[in-house]
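Below is entry.cif, which holds mmCIF, C-alpha atoms.
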data_model
loop_
_atom_site.label_atom_id
_atom_site.label_comp_id
_atom_site.auth_asym_id
_atom_site.auth_seq_id
_atom_site.Cartn_x
_atom_site.Cartn_y
_atom_site.Cartn_z
CA LEU A 25 81.35 -211.70 -3.59
CA ALA A 26 82.82 -208.47 -4.89
CA LYS A 27 82.62 -205.61 -2.43
CA THR A 28 82.43 -202.09 -3.75
CA THR A 29 83.64 -198.81 -2.31
CA GLN A 30 82.36 -195.41 -3.39
CA PRO A 31 82.57 -191.89 -2.00
CA ILE A 32 79.70 -191.25 0.39
CA SER A 33 78.77 -187.92 -1.14
CA MET A 34 79.62 -185.48 -3.90
CA ASP A 35 78.51 -181.98 -4.74
CA SER A 36 78.38 -180.43 -8.16
CA TYR A 37 76.83 -177.54 -10.04
CA GLU A 38 74.46 -177.54 -12.94
CA GLY A 39 76.16 -178.00 -16.28
CA GLN A 40 79.27 -179.65 -14.90
CA GLU A 41 80.50 -183.12 -15.65
CA VAL A 42 80.46 -185.46 -12.69
CA ASN A 43 82.65 -188.51 -12.30
CA ILE A 44 81.94 -191.06 -9.59
CA THR A 45 84.52 -193.76 -9.07
CA CYS A 46 83.86 -197.16 -7.58
CA SER A 47 86.51 -199.58 -6.35
CA HIS A 48 85.95 -203.32 -6.68
CA ASN A 49 89.32 -204.93 -6.09
CA ASN A 50 88.10 -208.53 -5.95
CA ILE A 51 85.94 -208.49 -9.04
CA ALA A 52 85.61 -211.92 -10.63
CA THR A 53 86.40 -212.71 -14.25
CA ASN A 54 82.77 -213.07 -15.27
CA ASP A 55 81.40 -210.13 -13.27
CA TYR A 56 79.70 -207.20 -14.94
CA ILE A 57 79.70 -203.72 -13.42
CA THR A 58 76.34 -202.03 -13.17
CA TRP A 59 75.34 -198.58 -11.96
CA TYR A 60 71.95 -197.63 -10.62
CA GLN A 61 70.34 -194.33 -9.71
CA GLN A 62 67.84 -193.94 -6.90
CA PHE A 63 65.61 -191.02 -6.09
CA PRO A 64 63.91 -190.75 -2.69
CA SER A 65 60.96 -193.12 -2.27
CA GLN A 66 61.60 -194.82 -5.60
CA GLY A 67 63.17 -198.08 -6.64
CA PRO A 68 66.66 -197.93 -8.18
CA ARG A 69 66.84 -197.30 -11.89
CA PHE A 70 69.35 -198.95 -14.22
CA ILE A 71 71.80 -196.43 -15.69
CA ILE A 72 74.58 -198.31 -17.42
CA GLN A 73 76.47 -201.58 -17.43
CA GLY A 74 79.85 -202.66 -18.70
CA TYR A 75 82.46 -205.37 -18.62
CA LYS A 76 85.60 -203.60 -19.82
CA THR A 77 86.88 -200.44 -21.53
CA LYS A 78 84.22 -197.82 -22.18
CA VAL A 79 80.46 -197.93 -22.54
CA THR A 80 78.29 -194.97 -23.45
CA ASN A 81 74.55 -194.54 -23.62
CA GLU A 82 72.19 -191.59 -23.81
CA VAL A 83 72.58 -190.67 -20.15
CA ALA A 84 76.09 -191.66 -19.03
CA SER A 85 79.44 -193.17 -19.80
CA LEU A 86 81.22 -195.91 -17.92
CA PHE A 87 84.99 -196.16 -17.94
CA ILE A 88 86.63 -199.41 -16.87
CA PRO A 89 90.42 -199.78 -16.78
CA ALA A 90 92.17 -202.88 -18.01
CA ASP A 91 92.51 -204.41 -14.55
CA ARG A 92 88.76 -203.87 -13.90
CA LYS A 93 89.43 -203.16 -10.24
CA SER A 94 87.58 -199.88 -10.47
CA SER A 95 85.08 -198.12 -12.67
CA THR A 96 84.02 -194.52 -13.19
CA LEU A 97 80.52 -193.35 -13.94
CA SER A 98 80.54 -190.11 -15.90
CA LEU A 99 77.48 -187.89 -16.04
CA PRO A 100 77.84 -185.11 -18.60
CA ARG A 101 76.36 -181.69 -17.88
CA VAL A 102 74.36 -182.58 -14.78
CA SER A 103 71.12 -180.84 -13.91
CA LEU A 104 69.24 -180.44 -10.65
CA SER A 105 67.23 -183.53 -11.50
CA ASP A 106 70.37 -185.65 -11.33
CA THR A 107 70.45 -185.19 -7.56
CA ALA A 108 70.15 -188.77 -6.33
CA VAL A 109 72.03 -191.68 -4.83
CA TYR A 110 74.18 -193.66 -7.25
CA TYR A 111 75.06 -197.28 -6.59
CA CYS A 112 77.79 -199.36 -8.17
CA LEU A 113 77.15 -203.11 -8.15
CA VAL A 114 79.33 -205.95 -9.31
CA GLY A 115 78.56 -209.58 -10.03
CA ASP A 116 75.55 -211.86 -9.93
CA PRO A 117 72.39 -210.35 -8.41
CA ARG A 118 72.20 -213.35 -6.14
CA ASP A 119 75.46 -212.30 -4.58
CA MET A 120 75.15 -208.55 -4.91
CA ARG A 121 75.03 -206.40 -1.85
CA PHE A 122 74.23 -202.75 -2.05
CA GLY A 123 76.85 -200.50 -0.52
CA ALA A 124 76.05 -197.09 0.84
CA GLY A 125 76.17 -195.53 -2.61
CA THR A 126 77.18 -192.00 -3.50
CA ARG A 127 74.79 -189.20 -2.70
CA LEU A 128 75.17 -186.65 -5.48
CA THR A 129 73.83 -183.16 -4.87
CA VAL A 130 73.61 -180.84 -7.83
CA LYS A 131 73.39 -177.19 -6.96
CA PRO A 132 72.10 -174.34 -9.12
CA GLY B 6 63.60 -201.85 -20.87
CA ALA B 7 61.99 -204.42 -18.63
CA VAL B 8 59.25 -203.18 -16.32
CA VAL B 9 58.58 -204.35 -12.79
CA SER B 10 55.53 -203.18 -10.91
CA GLN B 11 54.57 -203.31 -7.25
CA HIS B 12 51.25 -203.07 -5.52
CA PRO B 13 50.32 -201.32 -3.38
CA SER B 14 52.61 -198.31 -3.58
CA TRP B 15 51.91 -197.50 0.04
CA VAL B 16 50.00 -199.11 2.87
CA ILE B 17 49.14 -198.20 6.45
CA CYS B 18 48.08 -200.95 8.80
CA LYS B 19 47.52 -201.60 12.47
CA SER B 20 50.02 -203.50 14.54
CA GLY B 21 49.32 -207.23 14.48
CA THR B 22 47.79 -207.37 11.02
CA SER B 23 49.29 -208.90 7.91
CA VAL B 24 50.12 -207.06 4.73
CA LYS B 25 50.69 -208.51 1.27
CA ILE B 26 52.86 -206.81 -1.33
CA GLU B 27 52.81 -207.92 -4.95
CA CYS B 28 55.68 -207.73 -7.40
CA ARG B 29 55.03 -208.32 -11.09
CA SER B 30 57.25 -208.49 -14.13
CA LEU B 31 55.10 -206.88 -16.81
CA ASP B 32 56.82 -207.73 -20.07
CA PHE B 33 59.10 -210.61 -19.26
CA GLN B 34 59.19 -213.77 -17.23
CA ALA B 35 61.15 -213.94 -14.02
CA THR B 36 61.96 -217.26 -12.43
CA THR B 37 63.78 -215.34 -9.73
CA MET B 38 62.91 -212.14 -7.95
CA PHE B 39 64.58 -210.34 -5.09
CA TRP B 40 63.06 -208.56 -2.13
CA TYR B 41 64.80 -205.66 -0.44
CA ARG B 42 64.05 -203.46 2.52
CA GLN B 43 65.27 -199.91 2.84
CA PHE B 44 65.14 -197.71 5.93
CA PRO B 45 65.36 -193.92 5.68
CA LYS B 46 68.76 -192.64 4.59
CA GLN B 47 70.09 -196.18 4.34
CA SER B 48 70.97 -198.48 1.50
CA LEU B 49 68.94 -201.39 0.22
CA MET B 50 69.22 -204.58 2.21
CA LEU B 51 68.52 -207.88 0.52
CA MET B 52 65.91 -209.84 2.44
CA ALA B 53 65.31 -212.88 0.30
CA THR B 54 65.46 -214.46 -3.12
CA SER B 55 62.13 -215.62 -4.48
CA ASN B 56 62.18 -218.67 -6.74
CA GLU B 57 59.30 -219.72 -8.96
CA GLY B 58 58.13 -223.17 -8.02
CA SER B 59 60.34 -223.57 -4.99
CA LYS B 60 60.99 -222.12 -1.58
CA ALA B 61 62.49 -218.71 -1.13
CA THR B 62 66.01 -218.26 0.13
CA TYR B 63 66.27 -215.89 3.06
CA GLU B 64 69.25 -213.82 4.08
CA GLN B 65 70.73 -214.31 7.49
CA GLY B 66 68.72 -212.57 10.15
CA VAL B 67 65.51 -212.38 8.16
CA GLU B 68 62.66 -214.32 9.75
CA LYS B 69 61.09 -216.54 7.12
CA ASP B 70 57.95 -217.06 9.19
CA LYS B 71 57.42 -213.35 9.44
CA PHE B 72 58.17 -212.45 5.84
CA LEU B 73 56.35 -215.02 3.75
CA ILE B 74 57.31 -215.16 0.10
CA ASN B 75 55.34 -216.91 -2.60
CA HIS B 76 56.47 -217.00 -6.22
CA ALA B 77 53.20 -218.17 -7.70
CA SER B 78 53.98 -217.73 -11.38
CA LEU B 79 56.70 -216.59 -13.75
CA THR B 80 55.48 -213.01 -13.45
CA LEU B 81 54.34 -212.69 -9.84
CA SER B 82 56.02 -212.84 -6.45
CA THR B 83 54.36 -211.79 -3.22
CA LEU B 84 55.78 -210.75 0.13
CA THR B 85 53.50 -211.02 3.13
CA VAL B 86 54.52 -209.28 6.32
CA THR B 87 52.75 -211.26 9.01
CA SER B 88 51.78 -209.79 12.37
CA ALA B 89 53.32 -206.51 11.42
CA HIS B 90 54.81 -204.28 14.09
CA PRO B 91 55.98 -200.66 13.96
CA GLU B 92 59.59 -201.76 13.50
CA ASP B 93 58.54 -203.39 10.21
CA SER B 94 57.71 -199.97 8.83
CA SER B 95 60.01 -199.51 5.88
CA PHE B 96 60.29 -199.19 2.13
CA TYR B 97 60.07 -202.59 0.43
CA ILE B 98 61.44 -203.00 -3.07
CA CYS B 99 61.45 -205.98 -5.38
CA SER B 100 63.58 -206.63 -8.43
CA ALA B 101 63.95 -209.17 -11.19
CA PRO B 102 67.15 -210.12 -13.00
CA VAL B 103 67.34 -209.82 -16.77
CA GLY B 104 70.00 -210.90 -19.20
CA PHE B 105 71.81 -214.03 -20.21
CA ARG B 106 73.29 -214.45 -16.73
CA GLY B 107 70.73 -212.31 -14.97
CA GLU B 108 73.40 -209.69 -14.48
CA THR B 109 71.02 -206.74 -14.71
CA GLN B 110 68.28 -206.06 -12.21
CA TYR B 111 65.12 -204.13 -12.89
CA PHE B 112 63.50 -202.75 -9.79
CA GLY B 113 59.94 -202.11 -8.86
CA PRO B 114 58.86 -198.65 -7.68
CA GLY B 115 58.73 -199.78 -4.06
CA THR B 116 56.04 -200.09 -1.40
CA ARG B 117 55.99 -197.85 1.64
CA LEU B 118 54.69 -199.70 4.70
CA LEU B 119 53.68 -197.86 7.83
CA VAL B 120 52.60 -199.93 10.82
CA LEU B 121 50.78 -198.02 13.53
#
Is it possible to express this structure as structure tokens?
Amino acid sequence: LAKTTQPISMDSYEGQEVNITCSHNNIATNDYITWYQQFPSQGPRFIIQGYKTKVTNEVASLFIPADRKSSTLSLPRVSLSDTAVYYCLVGDPRDMRFGAGTRLTVKP
Amino acid sequence: GAVVSQHPSWVICKSGTSVKIECRSLDFQATTMFWYRQFPKQSLMLMATSNEGSKATYEQGVEKDKFLINHASLTLSTLTVTSAHPEDSSFYICSAPVGFRGETQYFGPGTRLLVL
């Protein structure tokens, strides 16, 4: 049961790149790392998932070092609409527990 | 991507009544679904794992007789809050795992329950 640790909150400005790091020191060999975004009064939305190295999609990049004990979600050029809570989850959904997440506030 | 729906999106009920929330996987089959509860400004808390064709698995501290779960088909799971009380007021979210090992979850939009 991999526990994750993230910063509680982050502030940024429109147009900046935001990097949110998650620590998961006891990640298991077969565990994937998945990031979700949640807006108020909505269910979480899948952003990106990776196992090792770097993954990029149309909305974000995920950087995973060789030891896989941490991961960094990178959001390029954030906008006001990126203000949300971001969760990092590791492992099997049956064993996943949501941490507090990172509350990102993007300011104009 | 996979789509999960919930119904209703919000419900208001009187104390002592029962409320049923439906969770459907719209374009895929889900032998397993998860039910979460989220209080304001807090994270999601896993309540139970719903299994098609068998009994649900409840997390420690969750009353199985109060939160009845029925996974009637490969696309539908229901959560019934029985004899609801104001402290049951919360945001209820379901999800279904997708992928070879079910490593990705797709979440429903959530159901806001207010018990008066």
Discussion item. Residues of chain B within 9 Å of chain A, counting all atoms listed in the file - could you list those as a ChimeraX atom specification?
Written reply: /B:39,46-51,54,96-102,106-117
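With only C-alpha atoms taken into account, every residue lying no more than 8 Å from the file point (60.9, -217.5, -8.9) is included here: Ala35, Thr36, Thr37, Met38, Thr54, Ser55, Asn56, Glu57, Gly58, Ser59, His76, Ala77, Ser78, Leu79 and Ser82 of chain B.
For the pair CA of Ile44 in chain A and CA of Ala7 in chain B, the interatomic distance is 25.7 Å.
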Worksheet item: Taking (73.5, -191.6, -7.5) in the file's coordinates as the center, which residues reach within 6 Å of it, counting all atoms listed in the file, put as a PyMOL selection string?
Response: chain A and resi 61+108-111+126-128
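Coordinates place CA of Asp91 in chain A at a distance of 9.5 Å from CA of Ile51 in chain A.
Every protein or nucleic acid residue with an atom no more than 10 Å from Thr96 in chain A, counting only C-alpha atoms and leaving out same-chain residues fewer than 5 positions away, appears here: A:Gln30, A:Val42, A:Asn43, A:Ile44, A:Thr45, A:Cys46, A:Ser47, A:Trp59, A:Lys78, A:Ser85, A:Leu86, A:Phe87, A:Ile88, A:Pro89, A:Cys112.
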Worksheet item: Quick one: of A:Ser33, A:Lys27, A:Gln62, A:Ala84, who's nearest to His48 in chain A, counting all atoms listed in the file?
Response: A:Lys27
